[in-house]
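Participant: Sharing data-v4.cif (mmCIF, C-alpha atoms) below.
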```cif
data_work
loop_
_atom_site.label_atom_id
_atom_site.label_comp_id
_atom_site.auth_asym_id
_atom_site.auth_seq_id
_atom_site.Cartn_x
_atom_site.Cartn_y
_atom_site.Cartn_z
CA MET A 24 46.54 95.76 123.92
CA SER A 25 43.34 96.75 122.13
CA MET A 26 42.49 100.34 121.26
CA LEU A 27 39.78 100.45 123.93
CA GLU A 28 42.22 99.10 126.52
CA GLN A 29 44.64 101.89 125.65
CA PHE A 30 41.99 104.43 126.69
CA SER A 31 41.61 102.71 130.07
CA LEU A 32 42.97 104.41 133.20
CA GLN A 33 42.28 101.40 135.41
CA GLY A 34 44.33 101.59 138.60
CA LYS A 35 45.69 105.08 137.85
CA VAL A 36 45.63 107.90 140.41
CA ALA A 37 44.71 111.37 139.19
CA ILE A 38 44.91 114.68 141.04
CA VAL A 39 42.39 117.27 139.81
CA THR A 40 42.47 120.82 141.15
CA GLY A 41 39.29 122.89 141.24
CA ALA A 42 37.30 119.66 141.45
CA SER A 43 34.20 120.89 143.32
CA THR A 44 32.25 122.16 140.29
CA GLY A 45 32.35 122.88 136.58
CA LEU A 46 35.16 121.68 134.35
CA GLY A 47 37.16 120.25 137.23
CA GLN A 48 34.28 118.13 138.43
CA GLY A 49 33.51 117.05 134.87
CA MET A 50 37.11 115.98 134.22
CA ALA A 51 37.32 114.17 137.57
CA ILE A 52 34.18 112.21 136.66
CA GLY A 53 35.53 111.43 133.18
CA LEU A 54 38.83 110.15 134.59
CA ALA A 55 36.94 108.03 137.13
CA GLN A 56 34.70 106.62 134.40
CA ALA A 57 37.90 105.52 132.64
CA GLY A 58 39.04 103.74 135.82
CA ALA A 59 41.11 106.24 137.79
CA HIS A 60 40.99 106.99 141.51
CA ILE A 61 40.68 110.72 142.15
CA VAL A 62 42.35 113.17 144.50
CA GLY A 63 40.26 116.35 144.36
CA VAL A 64 41.73 119.68 145.43
CA ASP A 65 39.68 122.82 146.05
CA TYR A 66 39.30 125.67 148.52
CA VAL A 67 36.01 124.15 149.74
CA PRO A 68 34.96 120.58 150.58
CA MET A 69 33.74 118.52 147.61
CA PRO A 70 30.90 116.26 148.85
CA GLU A 71 29.06 116.24 145.51
CA THR A 72 32.18 115.26 143.55
CA LYS A 73 33.03 112.61 146.15
CA ALA A 74 29.55 111.09 145.88
CA LEU A 75 29.66 111.08 142.08
CA ILE A 76 33.12 109.44 141.98
CA GLU A 77 32.23 106.83 144.58
CA GLY A 78 29.03 106.15 142.65
CA LEU A 79 31.31 105.00 139.85
CA HIS A 80 33.00 102.57 142.28
CA GLN A 81 36.22 104.57 142.29
CA GLN A 82 37.96 106.02 145.34
CA PHE A 83 37.96 109.75 146.09
CA HIS A 84 40.17 111.70 148.48
CA GLY A 85 39.54 115.41 148.98
CA ILE A 86 42.17 117.97 149.93
CA VAL A 87 40.98 121.45 150.93
CA ALA A 88 43.61 124.03 149.94
CA ASN A 89 43.55 127.68 148.88
CA LEU A 90 45.77 127.80 145.81
CA VAL A 91 45.58 131.61 145.67
CA SER A 92 47.73 131.90 148.79
CA ALA A 93 49.45 128.50 148.93
CA THR A 94 53.22 128.43 149.41
CA VAL A 95 55.44 126.16 147.33
CA GLU A 96 55.78 123.89 150.38
CA GLU A 97 51.98 123.65 150.70
CA LEU A 98 51.71 122.78 147.01
CA GLN A 99 54.34 120.08 147.43
CA ALA A 100 52.37 118.76 150.43
CA ILE A 101 49.35 118.15 148.15
CA ILE A 102 51.39 115.71 146.06
CA LYS A 103 52.79 114.07 149.20
CA GLU A 104 49.31 113.60 150.66
CA ALA A 105 48.04 112.01 147.45
CA VAL A 106 50.94 109.56 147.51
CA SER A 107 50.41 108.81 151.20
CA VAL A 108 46.76 107.90 150.50
CA PHE A 109 47.11 105.98 147.24
CA GLY A 110 50.79 105.01 147.18
CA LYS A 111 51.52 106.82 143.92
CA VAL A 112 50.28 109.42 141.46
CA ASP A 113 50.00 109.07 137.68
CA ILE A 114 48.09 112.13 136.44
CA LEU A 115 47.90 115.80 137.43
CA VAL A 116 45.15 118.04 136.04
CA ASN A 117 45.87 121.71 136.80
CA ASN A 118 42.36 123.04 136.43
CA ALA A 119 41.85 125.46 139.35
CA GLY A 120 41.66 129.08 138.25
CA ILE A 121 39.98 132.41 138.79
CA ILE A 122 39.21 135.49 136.72
CA ARG A 123 38.92 139.15 137.70
CA ARG A 124 37.27 141.69 135.40
CA GLU A 125 38.11 145.39 135.34
CA ASP A 126 39.27 147.94 132.78
CA SER A 127 43.02 147.47 132.48
CA ILE A 128 43.56 151.18 133.05
CA ARG A 129 42.23 150.67 136.61
CA PHE A 130 43.29 147.06 137.29
CA SER A 131 44.51 146.50 140.86
CA GLU A 132 47.67 144.83 142.09
CA LYS A 133 45.61 142.39 144.20
CA ASP A 134 43.55 141.29 141.19
CA TRP A 135 46.80 140.82 139.29
CA ASP A 136 48.55 138.83 142.02
CA ASP A 137 45.59 136.62 143.02
CA VAL A 138 44.96 135.50 139.44
CA MET A 139 48.63 134.95 138.63
CA ASN A 140 49.17 132.98 141.84
CA ILE A 141 46.48 130.41 141.23
CA ASN A 142 46.42 130.35 137.41
CA LEU A 143 50.17 130.23 136.81
CA LYS A 144 52.32 129.93 139.94
CA SER A 145 50.36 127.01 141.41
CA VAL A 146 50.30 125.31 138.00
CA PHE A 147 54.07 125.42 137.70
CA PHE A 148 54.96 124.38 141.24
CA LEU A 149 52.36 121.59 141.42
CA SER A 150 53.72 120.33 138.10
CA GLN A 151 57.28 120.55 139.38
CA ALA A 152 56.32 118.58 142.50
CA VAL A 153 54.48 115.88 140.58
CA ALA A 154 57.28 115.61 138.01
CA ASN A 155 59.73 114.94 140.82
CA GLN A 156 57.32 112.28 142.14
CA PHE A 157 57.09 110.62 138.72
CA ILE A 158 60.89 110.55 138.53
CA LEU A 159 61.11 109.13 142.06
CA GLN A 160 58.54 106.44 141.16
CA LYS A 161 60.41 105.72 137.90
CA THR A 162 57.06 105.71 136.12
CA PRO A 163 55.64 107.69 133.18
CA GLY A 164 53.29 110.52 134.11
CA LYS A 165 50.75 112.87 132.59
CA ILE A 166 50.40 116.59 133.30
CA ILE A 167 47.33 118.29 131.84
CA ASN A 168 47.12 122.05 132.22
CA ILE A 169 43.98 124.06 131.55
CA ALA A 170 44.71 126.96 129.25
CA SER A 171 42.10 129.20 127.57
CA MET A 172 41.06 130.95 124.39
CA LEU A 173 43.00 133.83 125.97
CA SER A 174 46.16 131.78 125.58
CA TYR A 175 45.72 132.81 121.93
CA GLN A 176 43.83 136.10 122.14
CA GLY A 177 44.07 139.31 124.12
CA GLY A 178 40.61 139.47 125.61
CA ILE A 179 38.97 142.52 127.18
CA ARG A 180 39.11 143.70 130.81
CA VAL A 181 40.96 140.59 132.03
CA PRO A 182 44.67 141.50 131.91
CA SER A 183 45.90 139.10 134.60
CA TYR A 184 43.79 136.24 133.22
CA THR A 185 45.17 136.78 129.72
CA ALA A 186 48.73 136.95 131.05
CA SER A 187 48.30 133.83 133.17
CA LYS A 188 46.69 131.72 130.46
CA SER A 189 49.27 132.79 127.88
CA GLY A 190 51.82 131.70 130.47
CA VAL A 191 50.15 128.32 130.91
CA LYS A 192 50.50 127.60 127.20
CA GLY A 193 54.15 128.66 127.33
CA ILE A 194 55.20 126.68 130.39
CA THR A 195 53.41 123.62 129.05
CA MET A 196 55.83 123.72 126.11
CA LEU A 197 58.76 124.27 128.47
CA MET A 198 57.74 121.28 130.60
CA ALA A 199 57.61 119.12 127.49
CA ASN A 200 61.06 120.29 126.41
CA GLU A 201 62.62 119.38 129.75
CA TRP A 202 60.53 116.47 131.04
CA ALA A 203 59.62 114.36 128.00
CA LYS A 204 62.92 112.50 128.47
CA TYR A 205 61.56 111.18 131.78
CA GLY A 206 58.42 109.79 130.13
CA ILE A 207 56.35 112.74 131.35
CA ASN A 208 53.79 114.13 128.91
CA ALA A 209 52.85 117.75 129.57
CA ASN A 210 49.99 119.09 127.46
CA ALA A 211 47.16 121.57 127.85
CA ILE A 212 43.50 121.95 127.01
CA ALA A 213 42.18 125.37 125.95
CA PRO A 214 38.44 125.35 126.61
CA GLY A 215 36.34 127.76 124.63
CA TYR A 216 33.37 129.55 126.12
CA MET A 217 32.04 127.11 128.71
CA ALA A 218 28.87 127.25 130.78
CA THR A 219 30.71 127.43 134.14
CA ASN A 220 31.00 129.77 137.12
CA ASN A 221 33.82 131.73 135.45
CA THR A 222 31.56 132.79 132.56
CA LYS A 223 28.37 133.51 134.53
CA ALA A 224 28.85 137.29 134.19
CA LEU A 225 29.22 136.94 130.42
CA ARG A 226 26.21 134.63 130.09
CA ASP A 227 24.11 137.02 132.17
CA ASP A 228 24.99 139.88 129.81
CA GLU A 229 22.46 139.31 127.04
CA LYS A 230 24.27 141.45 124.46
CA ARG A 231 27.73 139.97 125.11
CA ALA A 232 26.38 136.42 125.31
CA GLY A 233 24.66 136.88 121.97
CA GLU A 234 27.87 138.17 120.36
CA ILE A 235 29.79 135.18 121.68
CA LEU A 236 27.27 132.58 120.50
CA GLU A 237 27.13 134.19 117.08
CA ARG A 238 30.85 133.58 116.65
CA ILE A 239 30.91 129.93 117.79
CA PRO A 240 30.39 127.68 114.74
CA ALA A 241 28.92 124.95 116.95
CA GLY A 242 26.26 127.44 118.06
CA ARG A 243 26.36 126.66 121.78
CA TRP A 244 28.36 127.11 124.97
CA GLY A 245 30.61 124.20 125.87
CA THR A 246 30.03 121.81 128.77
CA PRO A 247 32.30 119.96 131.21
CA GLN A 248 31.57 116.76 129.26
CA ASP A 249 33.07 118.35 126.14
CA VAL A 250 36.38 118.74 127.96
CA ALA A 251 36.31 115.46 129.91
CA GLY A 252 36.89 113.24 126.88
CA VAL A 253 39.96 115.19 125.79
CA CYS A 254 41.27 115.02 129.35
CA VAL A 255 40.86 111.22 129.41
CA PHE A 256 42.68 110.99 126.06
CA LEU A 257 45.62 113.10 127.29
CA ALA A 258 45.76 111.08 130.53
CA GLY A 259 46.02 107.73 128.77
CA LYS A 260 48.39 105.71 126.64
CA ASN A 261 47.05 106.90 123.29
CA SER A 262 48.60 110.34 123.87
CA ASP A 263 52.10 109.08 124.68
CA TYR A 264 53.65 110.89 121.68
CA ILE A 265 51.87 114.20 122.25
CA ASN A 266 54.14 116.64 124.05
CA GLY A 267 53.81 120.35 124.78
CA PHE A 268 50.65 120.93 122.75
CA THR A 269 47.55 122.92 123.66
CA ILE A 270 44.33 121.44 122.28
CA ALA A 271 41.46 123.87 121.74
CA VAL A 272 38.03 122.54 122.74
CA ASP A 273 36.07 125.54 121.55
CA GLY A 274 33.27 124.61 119.16
CA GLY A 275 35.33 126.18 116.36
CA TRP A 276 35.84 129.61 117.99
CA LEU A 277 39.48 129.92 116.90
CA ALA A 278 38.67 128.73 113.39
CA ARG A 279 36.39 131.69 112.68
#
```
Would you mind giving the structure from this file in structure tokens?

Facilitator:
Amino acid sequence: MSMLEQFSLQGKVAIVTGASTGLGQGMAIGLAQAGAHIVGVDYVPMPETKALIEGLHQQFHGIVANLVSATVEELQAIIKEAVSVFGKVDILVNNAGIIRREDSIRFSEKDWDDVMNINLKSVFFLSQAVANQFILQKTPGKIINIASMLSYQGGIRVPSYTASKSGVKGITMLMANEWAKYGINANAIAPGYMATNNTKALRDDEKRAGEILERIPAGRWGTPQDVAGVCVFLAGKNSDYINGFTIAVDGGWLAR
């Protein structure tokens, strides 16, 4: 098999959460460009993502689900529906996430619980469900979690986001420790400051945005395309011996 063939995801089935916009949409497109069929999951319909995937001559199936309030059974049902449509699943990208900003001295229980539920609880139980499916299929599988710069740093005014993304990095290592023996690769991507919905408030704050850009060696905000290539790499055969690692895609932010 040639090196280019090892990057191919032809015939693979990938589930991508938070696929309607931003990084999720970008990763779904990247996986489809590499040959994968896509199951998109979001709390709203995803007509734009569907059109873009089908424009690449790949199949798209959308599942509307609110991961903030989803039960474990509802999360398991997402995996079952993907299998019922495509017959199998090969890749799970846990991208869906939210952020709530408030001084930690006043941070509310609801803002804590909502963020932890989608950013950490849904990540673990979707991964658990897909790992059981990989084992049932007796096939290798790829789990790609989306971490953050705040998996490494404390941040400001985002206590539940920091806690959840630190947790994502940790449980990614745990998954690798327990599931690598089944041929399951669990890894994570830690995007830097990306031009997405989650960072709109920061980008709209001229002073804060300037401070952020000044610290990024690459001198720009990241894009979904910057993350998509790393996602395709982690989803394919060339990453078979990478387990439990979180790759920063940050323009050099952590290096400074």

Participant: Find the residues near A:Asn117: any atom within 7 Å, counting only C-alpha atoms, skip ones fewer than 6 places away on the same chain, and give them as a JSON list (two decimals) with C-alpha atoms, in the coordinates of the input.

Facilitator:
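The file below, out.json, is the result:
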```json
[["chain", "number", "residue", "atom", "x", "y", "z"],
["A", 39, "VAL", "CA", 42.39, 117.27, 139.81],
["A", 40, "THR", "CA", 42.47, 120.82, 141.15],
["A", 146, "VAL", "CA", 50.30, 125.31, 138.00],
["A", 167, "ILE", "CA", 47.33, 118.29, 131.84],
["A", 168, "ASN", "CA", 47.12, 122.05, 132.22],
["A", 169, "ILE", "CA", 43.98, 124.06, 131.55]]
```

Participant: Would you list the residues near (32.0, 114.6, 141.9), meaning any protein, DNA or RNA residue with an atom at most 10 Å from that point in file coordinates, counting all atoms listed in the file, as a compact mmCIF listing (two decimals) with C-alpha atoms, in the frame of the given file?

Facilitator:
```txt
# COMPACT_ATOMS: atom_id res chain seq x y z
CA ALA A 42 37.30 119.66 141.45
CA SER A 43 34.20 120.89 143.32
CA THR A 44 32.25 122.16 140.29
CA GLY A 45 32.35 122.88 136.58
CA GLY A 47 37.16 120.25 137.23
CA GLN A 48 34.28 118.13 138.43
CA GLY A 49 33.51 117.05 134.87
CA MET A 50 37.11 115.98 134.22
CA ALA A 51 37.32 114.17 137.57
CA ILE A 52 34.18 112.21 136.66
CA GLY A 53 35.53 111.43 133.18
CA ALA A 55 36.94 108.03 137.13
CA ILE A 61 40.68 110.72 142.15
CA GLY A 63 40.26 116.35 144.36
CA MET A 69 33.74 118.52 147.61
CA PRO A 70 30.90 116.26 148.85
CA GLU A 71 29.06 116.24 145.51
CA THR A 72 32.18 115.26 143.55
CA LYS A 73 33.03 112.61 146.15
CA ALA A 74 29.55 111.09 145.88
CA LEU A 75 29.66 111.08 142.08
CA ILE A 76 33.12 109.44 141.98
CA GLU A 77 32.23 106.83 144.58
CA GLY A 78 29.03 106.15 142.65
CA LEU A 79 31.31 105.00 139.85
CA PHE A 83 37.96 109.75 146.09
```

Participant: Assuming the chain letters and numbering stay as they are in my file, what does the PyMOL selection byres ((chain A and resi 246-257) around 6) actually select? List them as an NGL selection string.

Facilitator: :A and (46 or 49-50 or 53-54 or 217-218 or 245 or 258-259 or 262)

Participant: Which residue out of A:Ala88, A:Met26, A:Ile114, A:Leu236 has the minimum interatomic distance to A:Ala59 when only C-alpha atoms are used?

Facilitator: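 Checking each candidate against A:Ala59, we get A:Ile114 as the closest.
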
Participant: Using all atoms listed in the file, which residue out of A:Leu225, A:Ala170, A:Ile235, A:Leu32 lies closest to A:Thr195?

Facilitator: A:Ala170

Participant: Give me the result of the PyMOL selection byres ((chain A and resi 238) around 10) on this file, residue by residue, as a PyMOL selection string.

Facilitator: chain A and resi 233-237+239-243+274-279

Participant: Could you work out how far atom CA of A:Phe268 lies from atom CA of A:Ala211, giving the answer in Å with one decimal?

Facilitator: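 Answer for the atom CA of A:Ala211 to atom CA of A:Phe268 separation: 6.2 Å.
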
Participant: When you count only C-alpha atoms, which of these residues is closest to A:Ile121: A:Tyr184, A:Trp244, A:Phe147, A:Phe109?

Facilitator: A:Tyr184

Participant: I'd like the neighbourhood of A:Ala209 as number ranges by chain, where a residue qualifies if any of its atoms comes within 7 Å (using all atoms listed in the file), though same-chain residues fewer than 4 positions away should be ignored.

Facilitator: A: 165-167, 195, 198-199, 266-267

Participant: A:Thr162: which residues within 9 Å, counting only C-alpha atoms, same-chain residues fewer than 3 positions away excluded, as a ChimeraX atom specification?

Facilitator: /A:113,156-159,205-207

Participant: Could you give me, as a VMD selection string, the residues that sit within 12 Å of (43.6, 136.2, 135.1) in the file's coordinates, counting all atoms listed in the file?

Facilitator: chain A and resid 91 119 to 125 127 130 to 144 170 to 171 173 to 174 177 to 191 221

Participant: To one decimal place in Å, what is the distance between atom CA of A:Lys35 and atom CA of A:His60?

Facilitator: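 That distance, rounded to one decimal, is 6.3 Å.
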
Participant: List, as a short mmCIF file (atom, residue, chain, number, x, y, z; two decimals) with C-alpha atoms, in the coordinates of the input, every residue that the PyMOL selection byres ((chain A and resi 96-101) around 8) selects in the file provided.

Facilitator:
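Saved result, part_18.cif, follows:
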```
data_model
loop_
_atom_site.label_atom_id
_atom_site.label_comp_id
_atom_site.auth_asym_id
_atom_site.auth_seq_id
_atom_site.Cartn_x
_atom_site.Cartn_y
_atom_site.Cartn_z
CA ILE A 86 42.17 117.97 149.93
CA LEU A 90 45.77 127.80 145.81
CA ALA A 93 49.45 128.50 148.93
CA THR A 94 53.22 128.43 149.41
CA VAL A 95 55.44 126.16 147.33
CA ILE A 102 51.39 115.71 146.06
CA LYS A 103 52.79 114.07 149.20
CA GLU A 104 49.31 113.60 150.66
CA ALA A 105 48.04 112.01 147.45
CA SER A 145 50.36 127.01 141.41
CA PHE A 148 54.96 124.38 141.24
CA LEU A 149 52.36 121.59 141.42
CA ALA A 152 56.32 118.58 142.50
#
```

Participant: Mind giving me the straight-line distance from atom CA of A:Pro214 to atom CA of A:Thr269 in Å, one decimal?

Facilitator: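 For atom CA of A:Pro214 relative to atom CA of A:Thr269, the distance reads 9.9 Å.
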
Participant: Have a look at A:Pro68, A:Asp228, A:Gly193, A:Lys260 and name the one nearest to A:Gln33; count only C-alpha atoms.

Facilitator: A:Lys260

Participant: Can you work out which one of A:Ala232, A:Gln160, A:Gln176, A:Ile38 has the shortest atom-to-atom distance to A:Val108, counting only C-alpha atoms?

Facilitator: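 Comparing A:Ala232, A:Gln160, A:Gln176, A:Ile38 against A:Val108, the winner is A:Ile38.
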
Participant: Give the answer as one residue: which of A:Phe30, A:Val106, A:Ile212, A:Met24 has the shortest atom-to-atom distance to A:Asn261, using all atoms listed in the file?

Facilitator: A:Phe30
